[in-house]
Each structure stands twice: as C-alpha cells, then as structure tokens.
file entry.csv (CSV, C-alpha atoms)
chain,number,residue,atom,x,y,z
A,1,LYS,CA,128.2,11.0,171.5
A,2,SER,CA,130.0,14.3,171.9
A,3,GLY,CA,126.6,16.0,172.5
A,4,ARG,CA,125.7,13.6,175.4
A,5,LEU,CA,129.1,14.0,176.9
A,6,SER,CA,128.9,17.8,176.8
A,7,SER,CA,125.5,17.7,178.4
A,8,GLU,CA,126.8,15.5,181.2
A,9,ILE,CA,129.7,17.9,181.7
A,10,PHE,CA,127.3,20.9,182.0
A,11,ARG,CA,125.2,19.1,184.6
A,12,LYS,CA,128.1,18.2,186.7
A,13,LYS,CA,129.7,21.7,186.6
A,14,SER,CA,128.5,24.2,189.2
A,15,ILE,CA,126.4,26.8,187.4
A,16,LEU,CA,126.4,29.2,190.4
A,17,MET,CA,129.0,31.1,188.4
A,18,SER,CA,126.7,31.6,185.4
A,19,LEU,CA,126.3,35.0,186.9
A,20,VAL,CA,129.0,37.2,188.5
A,21,THR,CA,128.5,40.4,190.3
A,22,THR,CA,129.9,43.8,189.3
A,23,GLY,CA,132.0,43.7,192.5
A,24,TRP,CA,133.5,40.3,191.6
A,25,LEU,CA,134.4,41.5,188.1
A,26,TYR,CA,135.9,44.7,189.4
A,27,ASN,CA,138.2,42.7,191.7
A,28,ASN,CA,139.2,40.3,188.9
A,29,LEU,CA,139.5,42.6,185.8
A,30,ASN,CA,143.0,41.4,184.9
A,31,LYS,CA,142.3,37.7,185.6
A,32,VAL,CA,139.6,37.1,183.0
A,33,LYS,CA,138.7,37.7,179.3
A,34,ILE,CA,135.9,40.2,179.0
A,35,LEU,CA,133.4,40.4,176.1
A,36,ASP,CA,130.9,43.2,175.4
A,37,SER,CA,128.1,41.4,173.4
A,38,SER,CA,125.6,44.3,173.3
A,39,TRP,CA,123.0,43.9,170.6
A,40,HIS,CA,119.9,45.9,169.8
A,41,LEU,CA,116.7,45.4,167.7
A,42,PRO,CA,117.0,47.3,164.4
A,43,ALA,CA,114.0,49.5,165.4
A,44,GLN,CA,115.9,50.9,168.4
A,45,ASN,CA,118.3,52.8,166.0
A,46,ARG,CA,121.2,52.1,168.4
A,47,ASN,CA,124.7,51.2,167.2
A,48,ALA,CA,126.2,48.7,169.6
A,49,LEU,CA,129.8,48.9,168.2
A,50,LYS,CA,129.7,52.7,168.3
A,51,GLU,CA,128.5,52.7,171.9
A,52,TYR,CA,131.3,50.2,172.8
A,53,SER,CA,133.8,52.5,171.1
A,54,ASN,CA,132.6,55.4,173.3
A,55,GLU,CA,132.7,53.5,176.6
A,56,HIS,CA,133.2,50.0,177.8
A,57,ILE,CA,134.7,48.1,180.7
A,58,LEU,CA,138.5,48.0,180.9
A,59,ASN,CA,140.0,45.1,178.8
A,60,SER,CA,136.7,44.2,177.1
A,61,ILE,CA,136.6,43.2,173.5
A,62,PHE,CA,133.4,43.7,171.3
A,63,PHE,CA,131.6,40.6,170.4
A,64,ASP,CA,129.4,41.2,167.3
A,65,ILE,CA,126.4,38.9,167.6
A,66,ASP,CA,125.4,39.5,163.9
A,67,LYS,CA,128.9,39.3,162.5
A,68,TYR,CA,129.8,36.2,164.4
A,69,SER,CA,126.9,34.1,163.0
A,70,GLU,CA,126.1,31.9,160.1
A,71,LYS,CA,126.4,33.9,156.9
A,72,LYS,CA,124.7,31.4,154.5
A,73,THR,CA,121.2,32.1,155.7
A,74,ASP,CA,118.7,34.9,155.7
A,75,LEU,CA,117.8,34.2,159.3
A,76,PRO,CA,119.3,36.5,161.9
A,77,HIS,CA,122.4,35.5,163.9
A,78,MET,CA,122.1,31.7,163.7
A,79,LEU,CA,124.9,29.6,165.2
A,80,PRO,CA,128.0,29.6,162.9
A,81,LYS,CA,129.7,26.5,161.7
A,82,ILE,CA,132.2,25.0,164.1
A,83,GLY,CA,135.3,25.9,162.0
A,84,GLU,CA,134.1,29.5,161.8
A,85,TRP,CA,133.5,29.6,165.5
A,86,GLU,CA,137.0,28.4,166.2
A,87,GLU,CA,138.4,31.1,164.0
A,88,ILE,CA,136.2,33.8,165.6
A,89,VAL,CA,137.2,32.9,169.2
A,90,SER,CA,140.8,32.5,168.2
A,91,ASN,CA,140.8,36.0,166.7
A,92,LEU,CA,139.3,37.3,170.0
A,93,GLY,CA,142.4,36.1,171.8
A,94,ILE,CA,140.5,33.5,173.9
A,95,SER,CA,141.8,30.1,174.8
A,96,ASN,CA,139.9,27.0,176.0
A,97,LYS,CA,141.2,27.5,179.5
A,98,ASP,CA,140.2,31.1,179.8
A,99,LYS,CA,137.6,32.4,182.3
A,100,ILE,CA,135.2,34.6,180.2
A,101,ILE,CA,132.9,37.3,181.5
A,102,VAL,CA,130.2,38.5,179.1
A,103,TYR,CA,128.3,41.7,179.6
A,104,ASP,CA,126.0,44.0,177.5
A,105,ASN,CA,124.5,47.4,177.4
A,106,SER,CA,121.2,46.1,175.9
A,107,ASP,CA,117.6,46.0,177.1
A,108,LEU,CA,117.5,42.5,175.6
A,109,ILE,CA,120.3,41.1,177.9
A,110,SER,CA,122.0,39.9,174.8
A,111,SER,CA,125.1,38.7,176.8
A,112,CYS,CA,123.1,35.5,177.5
A,113,ARG,CA,123.2,34.7,173.8
A,114,CYS,CA,127.0,34.8,173.8
A,115,TRP,CA,127.0,32.7,177.0
A,116,TYR,CA,124.8,30.1,175.4
A,117,THR,CA,126.9,30.0,172.2
A,118,PHE,CA,130.2,29.4,174.1
A,119,ILE,CA,128.6,26.5,176.0
A,120,TYR,CA,127.1,25.1,172.8
A,121,PHE,CA,130.6,25.0,171.3
A,122,GLY,CA,132.0,23.2,174.3
A,123,HIS,CA,133.5,25.9,176.5
A,124,ASP,CA,133.7,24.7,180.1
A,125,PRO,CA,130.4,26.0,181.6
A,126,SER,CA,132.2,27.0,184.8
A,127,LEU,CA,134.5,29.2,182.8
A,128,ILE,CA,131.8,31.4,181.1
A,129,SER,CA,129.6,33.8,183.0
A,130,VAL,CA,127.3,36.8,182.5
A,131,LEU,CA,127.9,40.0,184.4
A,132,ASN,CA,124.7,40.4,186.4
A,133,GLY,CA,123.3,43.9,185.6
A,134,GLY,CA,125.7,44.5,182.7
A,135,LEU,CA,127.1,47.9,181.9
A,136,LYS,CA,124.0,49.6,183.3
A,137,LYS,CA,124.6,48.4,186.9
A,138,TRP,CA,128.4,48.9,186.4
A,139,LYS,CA,127.9,52.6,185.6
A,140,GLN,CA,125.2,53.1,188.3
A,141,GLU,CA,127.8,52.1,190.8
A,142,GLY,CA,130.3,54.5,189.4
A,143,LYS,CA,132.7,51.8,188.3
A,144,PRO,CA,135.2,53.0,185.6
A,145,VAL,CA,134.6,52.8,181.9
A,146,VAL,CA,137.2,53.5,179.1
A,147,ASN,CA,137.3,54.1,175.4
A,148,ASP,CA,140.7,52.5,174.7
A,149,ILE,CA,140.4,49.6,172.3
A,150,THR,CA,141.8,46.3,173.6
A,151,LYS,CA,143.9,44.4,171.0
A,152,ALA,CA,143.7,40.6,171.1
A,153,SER,CA,146.6,38.3,170.5
A,154,LYS,CA,145.4,35.4,168.3
A,155,THR,CA,145.1,32.0,170.0
A,156,HIS,CA,144.2,28.5,168.7
A,157,TYR,CA,140.8,27.7,170.1
A,158,SER,CA,139.3,24.3,169.7
A,159,ALA,CA,135.5,23.7,169.8
A,160,LYS,CA,133.2,20.7,170.2
A,161,GLU,CA,129.5,21.0,169.4
A,162,ASN,CA,126.8,20.0,171.8
A,163,LYS,CA,124.1,19.4,169.3
A,164,GLU,CA,121.6,18.4,172.0
A,165,MET,CA,121.4,22.1,172.9
A,166,VAL,CA,119.7,23.3,169.7
A,167,LYS,CA,116.4,22.3,168.1
A,168,SER,CA,115.5,22.6,164.4
A,169,LYS,CA,112.2,23.6,162.8
A,170,ILE,CA,111.7,19.9,161.9
A,171,GLU,CA,112.1,18.9,165.5
A,172,ILE,CA,109.7,21.7,166.6
A,173,ASP,CA,107.1,20.5,164.2
A,174,GLU,CA,107.4,16.9,165.2
A,175,ASN,CA,107.1,17.9,168.8
A,176,ILE,CA,103.6,19.3,168.2
A,177,SER,CA,102.3,15.8,168.0
A,178,SER,CA,104.9,13.9,170.1
A,179,LYS,CA,105.1,16.4,172.9
A,180,LYS,CA,108.6,15.2,173.9
A,181,PHE,CA,109.6,18.7,175.2
A,182,LYS,CA,107.9,21.9,176.3
A,183,VAL,CA,108.4,25.0,174.2
A,184,ILE,CA,108.5,28.3,176.1
A,185,ASP,CA,108.6,31.6,174.2
A,186,ALA,CA,110.4,34.7,175.6
A,187,ARG,CA,108.6,37.3,173.6
A,188,SER,CA,106.0,39.6,175.0
A,189,LYS,CA,102.4,38.4,175.4
A,190,GLU,CA,101.2,40.7,172.7
A,191,ARG,CA,103.6,39.3,170.2
A,192,PHE,CA,103.0,35.7,171.3
A,193,GLU,CA,99.3,36.1,171.0
A,194,GLY,CA,99.6,37.8,167.6
A,195,LYS,CA,98.0,41.0,168.8
A,196,VAL,CA,100.9,43.2,167.4
A,197,ALA,CA,103.0,43.1,164.3
A,198,GLU,CA,106.5,41.5,164.4
A,199,PRO,CA,109.6,43.7,164.2
A,200,ARG,CA,110.6,42.0,161.0
A,201,SER,CA,108.4,42.7,158.0
A,202,ASN,CA,108.7,39.2,156.5
A,203,VAL,CA,107.4,37.5,159.6
A,204,LYS,CA,103.8,36.9,160.5
A,205,SER,CA,102.3,37.4,163.9
A,206,GLY,CA,101.5,34.5,166.3
A,207,SER,CA,103.3,31.6,168.0
A,208,ILE,CA,104.2,27.9,167.9
A,209,LYS,CA,101.2,25.6,168.6
A,210,TYR,CA,101.1,24.4,172.2
A,211,SER,CA,104.0,26.6,173.2
A,212,SER,CA,103.8,28.8,176.4
A,213,CYS,CA,104.8,32.4,176.9
A,214,LEU,CA,107.1,33.7,179.6
A,215,PRO,CA,108.3,37.2,178.6
A,216,PHE,CA,112.0,37.5,179.5
A,217,GLY,CA,111.4,40.9,181.0
A,218,LYS,CA,109.5,39.3,183.9
A,219,LEU,CA,112.8,37.8,185.1
A,220,ILE,CA,114.8,41.0,185.0
A,221,ASN,CA,114.9,43.9,187.5
A,222,LYS,CA,114.3,47.0,185.3
A,223,ASN,CA,116.1,49.3,187.6
A,224,ASP,CA,119.5,47.7,187.1
A,225,ASN,CA,119.1,44.9,184.6
A,226,THR,CA,119.9,42.2,187.1
A,227,PHE,CA,118.2,38.8,187.2
A,228,MET,CA,115.5,38.4,189.8
A,229,GLU,CA,116.3,36.4,192.9
A,230,LYS,CA,116.1,32.6,192.6
A,231,ASN,CA,112.8,32.3,194.5
A,232,GLU,CA,111.2,34.9,192.2
A,233,LEU,CA,112.5,33.1,189.1
A,234,THR,CA,111.1,29.8,190.4
A,235,LEU,CA,107.7,31.4,190.9
A,236,SER,CA,107.6,32.8,187.4
A,237,PHE,CA,108.6,29.4,185.8
A,238,LYS,CA,106.2,27.5,188.1
A,239,GLU,CA,103.3,29.4,186.5
A,240,ILE,CA,103.8,27.4,183.3
A,241,ILE,CA,106.0,24.5,184.0
A,242,ASP,CA,107.2,21.9,186.5
A,243,THR,CA,110.6,23.3,187.4
A,244,LYS,CA,112.1,19.8,187.7
A,245,ASP,CA,111.4,19.2,184.0
A,246,ASN,CA,114.6,19.0,182.0
A,247,ASN,CA,112.8,18.6,178.6
A,248,VAL,CA,112.4,22.3,178.0
A,249,VAL,CA,113.2,24.3,174.8
A,250,PHE,CA,113.3,28.1,174.7
A,251,SER,CA,112.3,30.2,171.7
A,252,CYS,CA,111.8,33.9,171.0
A,253,GLY,CA,112.1,36.2,168.0
A,254,SER,CA,115.5,35.3,166.9
A,255,GLY,CA,117.3,33.3,169.6
A,256,VAL,CA,118.6,36.2,171.8
A,257,THR,CA,116.0,36.5,174.6
A,258,ALA,CA,115.4,32.7,174.5
A,259,SER,CA,119.0,32.5,175.9
A,260,VAL,CA,117.9,34.8,178.8
A,261,LEU,CA,115.2,32.2,179.8
A,262,ALA,CA,117.7,29.4,179.3
A,263,LEU,CA,120.2,31.0,181.7
A,264,ALA,CA,117.5,31.8,184.2
A,265,TYR,CA,116.1,28.3,184.1
A,266,SER,CA,119.5,26.8,184.6
A,267,LEU,CA,119.8,28.9,187.8
A,268,ILE,CA,116.8,27.2,189.4
A,269,ASN,CA,117.3,23.7,187.8
A,270,ASN,CA,120.9,22.5,188.0
A,271,LYS,CA,120.1,19.4,186.0
A,272,TYR,CA,119.0,21.4,183.0
A,273,THR,CA,121.1,21.9,179.9
A,274,PRO,CA,120.3,25.1,178.0
A,275,THR,CA,118.4,24.2,174.9
A,276,ILE,CA,117.1,26.7,172.2
A,277,TYR,CA,115.2,26.6,169.0
A,278,ASP,CA,117.8,28.6,167.1
A,279,GLY,CA,115.6,29.8,164.2
A,280,SER,CA,112.9,30.8,166.7
A,281,TRP,CA,109.9,32.8,165.4
A,282,SER,CA,112.0,34.5,162.7
A,283,GLU,CA,112.1,31.1,161.0
A,284,TYR,CA,108.8,29.6,162.2
A,285,GLY,CA,106.7,32.6,161.4
A,286,LEU,CA,108.5,33.4,158.1
A,287,ILE,CA,106.1,34.5,155.3
A,288,LYS,CA,106.8,32.4,152.3

call {"tool": "encode", "arguments": {"input": "entry.csv", "output": "structure tokens"}}
result
Amino acid sequence: KSGRLSSEIFRKKSILMSLVTTGWLYNNLNKVKILDSSWHLPAQNRNALKEYSNEHILNSIFFDIDKYSEKKTDLPHMLPKIGEWEEIVSNLGISNKDKIIVYDNSDLISSCRCWYTFIYFGHDPSLISVLNGGLKKWKQEGKPVVNDITKASKTHYSAKENKEMVKSKIEIDENISSKKFKVIDARSKERFEGKVAEPRSNVKSGSIKYSSCLPFGKLINKNDNTFMEKNELTLSFKEIIDTKDNNVVFSCGSGVTASVLALAYSLINNKYTPTIYDGSWSEYGLIK
C-alpha cells in the first residue's frame, strides 16, 4: 500500500525541479541542504572523499555511496535497510521537509543514484534535485569552491519505502517470459554485447536476455556534464522504446548509471516512477 501511495505522490509532483541550474543553486545556497555524492569506478583510482576535502560547493556535505549502503551483501552499494537509512540521513542533518540539492564530480553522474535513493525512501520528489552539470559546470563558470568541512546537526528523519521502485533478480528472471516490463541497460554497447570484460573480476560479460541498451553517456553533454535537452532525450529513448510506456526498469553495472537513465526518462515522461534493478549486472552476471 505504501509503495502505491508513494508512486502516486511521485506522479502528482512536478518533476521539473528534478534538475536545478548552477545559477539557481548559487542564488539559493543558504536555503537548501547540499550533498556531494561523487563516486568513481575503482579502476579510475580517484578518491571521491579526498577530492571533496580539497574542494566542494559551500555548505555541502559528503554523501558516501558505498558507505551508506547495505553492508550484509557482497554486491556493491545496494539500498540499505530503512532503519539504517533513517540514521544515515539524520546524521547528515537533513529533515523530511528539507529541499536537497545533490551534485557530483563524477563522469558517471553519480548524483542521480543519491536522488533515486531519497525518492525510494519517501522524500518528497519536489524536494530533491540534481545539480545539472555538477561540480564540473560550477567550476567552469568560476563559481566559488571551498575546503571548509560543514558540520551537520543531527535530526530525526523518518522514511517510508516505495518498494515498487526496485526490482529483484527473481522479478527480472520472471519477466524474461512474462515481459511485463522493459529492461534498459545503461552500460556501454561493448559491455552490453559482451565484447569487453567487466570492471569487476567476478562478473562475466554479457547482458540480461531481451533487454535493450542505451548508454547513459548518450544523454549527457560531455563538455559540461549537463543532461541533453528534452527533445534530444526523447529521440534517444524513442530509438528503443515507446516513451509513453511506464513499465520500464533500468539496469547497469551496479545501479549507479541506471539512475541516470531513470532521471532522464522521468524528465520526458511525467507519469513514470523511477524503477531500478538494484543488483544490476553485478548480481545478474555474477560468476558462481
């Protein structure tokens, strides 16, 4: 029941604020809570927390995608338990009524994963947005960065799961025959087609049967990490799907770039509730 209710709330809320501009954030720095949710693939040899410590947007707090995830699994950054999430967000100094802006300094646009997680746990969708272009665009425009660490005052955050927004491996397997929803993979064509090895050594190459591929990078402007315009996003999705279809599930390597597709699709289909196969290929392609 709570899942259906949350879905209805998401559909009724305006999602035009799923993205905010650098100009908007600059003018509202002291009116919102700001999270830096940068995350990088292990092979990139980048330390997101260290980079945050060196420079970040004023008032921002670091959101560790790996740390703030389910610990009782070998799968990377799976959704945590609801009680753990309430404690995480409370320790970040965020309340249920806060307007949150998430940004990143990542080529993977990892802020979208944080955005998705907040909505999954019931945060008002109109009160959680991604900074379009992230730190890259912010710095390109000469907007200020600091290295002062913002200290959070603990709150009491209350969450409510929207379980319709996540799919399990069992549901993915059942869907191969039932075809109740469309699965779209955000990985590169080479990875999707099994032509290159996966970044994780315990995962085989390939993709989920009957799934389609839409590399998340096709939806992002490389020069400044902003999302493509709505008409361009629509054209990319139309190549593989009817953009009025609400039965769409996004997958990727480990649930991060799937969230990029989920946000992008919600920009062109305001009746769509972001839905992700949380285990993604890290679970489905696991070598046993």

call {"tool": "closest_residue", "arguments": {"input": "entry.csv", "among": "A:His156, A:Lys288, A:Arg187, A:Lys72", "to": "Cys213 (chain A)", "atoms": "only C-alpha atoms"}}
result
A:Arg187

call {"tool": "residues_around", "arguments": {"input": "entry.csv", "residues": "region 167-176 of chain A", "least_positions_apart": "3", "cutoff": "7 Å", "atoms": "only C-alpha atoms", "output": "VMD selection string"}}
result
chain A and resid 179 to 181 209 to 210 276 to 278 284

call {"tool": "closest_residue", "arguments": {"input": "entry.csv", "among": "A:Thr117, A:Asn269, A:Thr150, A:Asn162", "to": "Leu58 (chain A)", "atoms": "only C-alpha atoms"}}
result
A:Thr150

call {"tool": "closest_residue", "arguments": {"input": "entry.csv", "among": "A:Met228, A:Leu131, A:Val145, A:Met165", "to": "Val20 (chain A)", "atoms": "only C-alpha atoms"}}
result
A:Leu131

call {"tool": "closest_residue", "arguments": {"input": "entry.csv", "among": "A:Pro42, A:Gly122, A:Gly217, A:Gly23", "to": "Lys163 (chain A)", "atoms": "only C-alpha atoms"}}
result
A:Gly122

call {"tool": "closest_residue", "arguments": {"input": "entry.csv", "among": "A:Cys252, A:Val196, A:Leu108, A:Ala264", "to": "Ile208 (chain A)", "atoms": "only C-alpha atoms"}}
result
A:Cys252

call {"tool": "atom_distance", "arguments": {"input": "entry.csv", "atom1": "CA of Asn202 (chain A)", "atom2": "CA of Ser188 (chain A)"}}
result
18.7 Å

call {"tool": "closest_residue", "arguments": {"input": "entry.csv", "among": "A:Tyr68, A:Tyr157, A:Trp39, A:Tyr52", "to": "Ser110 (chain A)", "atoms": "only C-alpha atoms"}}
result
A:Trp39

call {"tool": "residues_around", "arguments": {"input": "entry.csv", "residues": "Gly285 (chain A)", "least_positions_apart": "3", "cutoff": "10 Å", "atoms": "all atoms listed in the file", "output": "ChimeraX atom specification"}}
result
/A:198,202-208,253,279-282,288

call {"tool": "write_last_selection", "arguments": {"input": "entry.csv", "atoms": "C-alpha atoms", "output": "PDB file, in the coordinates of the input"}}
result
ATOM      1  CA  GLU A 198     106.500  41.500 164.400  1.00  0.00           C
ATOM      2  CA  ASN A 202     108.700  39.200 156.500  1.00  0.00           C
ATOM      3  CA  VAL A 203     107.400  37.500 159.600  1.00  0.00           C
ATOM      4  CA  LYS A 204     103.800  36.900 160.500  1.00  0.00           C
ATOM      5  CA  SER A 205     102.300  37.400 163.900  1.00  0.00           C
ATOM      6  CA  GLY A 206     101.500  34.500 166.300  1.00  0.00           C
ATOM      7  CA  SER A 207     103.300  31.600 168.000  1.00  0.00           C
ATOM      8  CA  ILE A 208     104.200  27.900 167.900  1.00  0.00           C
ATOM      9  CA  GLY A 253     112.100  36.200 168.000  1.00  0.00           C
ATOM     10  CA  GLY A 279     115.600  29.800 164.200  1.00  0.00           C
ATOM     11  CA  SER A 280     112.900  30.800 166.700  1.00  0.00           C
ATOM     12  CA  TRP A 281     109.900  32.800 165.400  1.00  0.00           C
ATOM     13  CA  SER A 282     112.000  34.500 162.700  1.00  0.00           C
ATOM     14  CA  LYS A 288     106.800  32.400 152.300  1.00  0.00           C
TER      15      LYS A 288
END

call {"tool": "atom_distance", "arguments": {"input": "entry.csv", "atom1": "CA of Asn223 (chain A)", "atom2": "CA of Leu49 (chain A)"}}
result
23.8 Å

call {"tool": "atom_distance", "arguments": {"input": "entry.csv", "atom1": "CA of Trp115 (chain A)", "atom2": "CA of Leu127 (chain A)"}}
result
10.1 Å

call {"tool": "residues_around", "arguments": {"input": "entry.csv", "residues": "Lys97 (chain A)", "least_positions_apart": "6", "cutoff": "12 Å", "atoms": "only C-alpha atoms", "output": "VMD selection string"}}
result
chain A and resid 31 to 33 122 to 128 155 to 159

call {"tool": "residues_around", "arguments": {"input": "entry.csv", "residues": "Val248 (chain A)", "least_positions_apart": "6", "cutoff": "10 Å", "atoms": "all atoms listed in the file", "output": "JSON, numbers by chain"}}
result
{"A": [180, 181, 182, 183, 184, 241, 242, 262, 265, 272, 273, 274, 275, 276]}

call {"tool": "residues_around", "arguments": {"input": "entry.csv", "residues": "Lys67 (chain A)", "least_positions_apart": "4", "cutoff": "9 Å", "atoms": "all atoms listed in the file", "output": "list in words"}}
result
Phe63, Lys71 and His77 of chain A
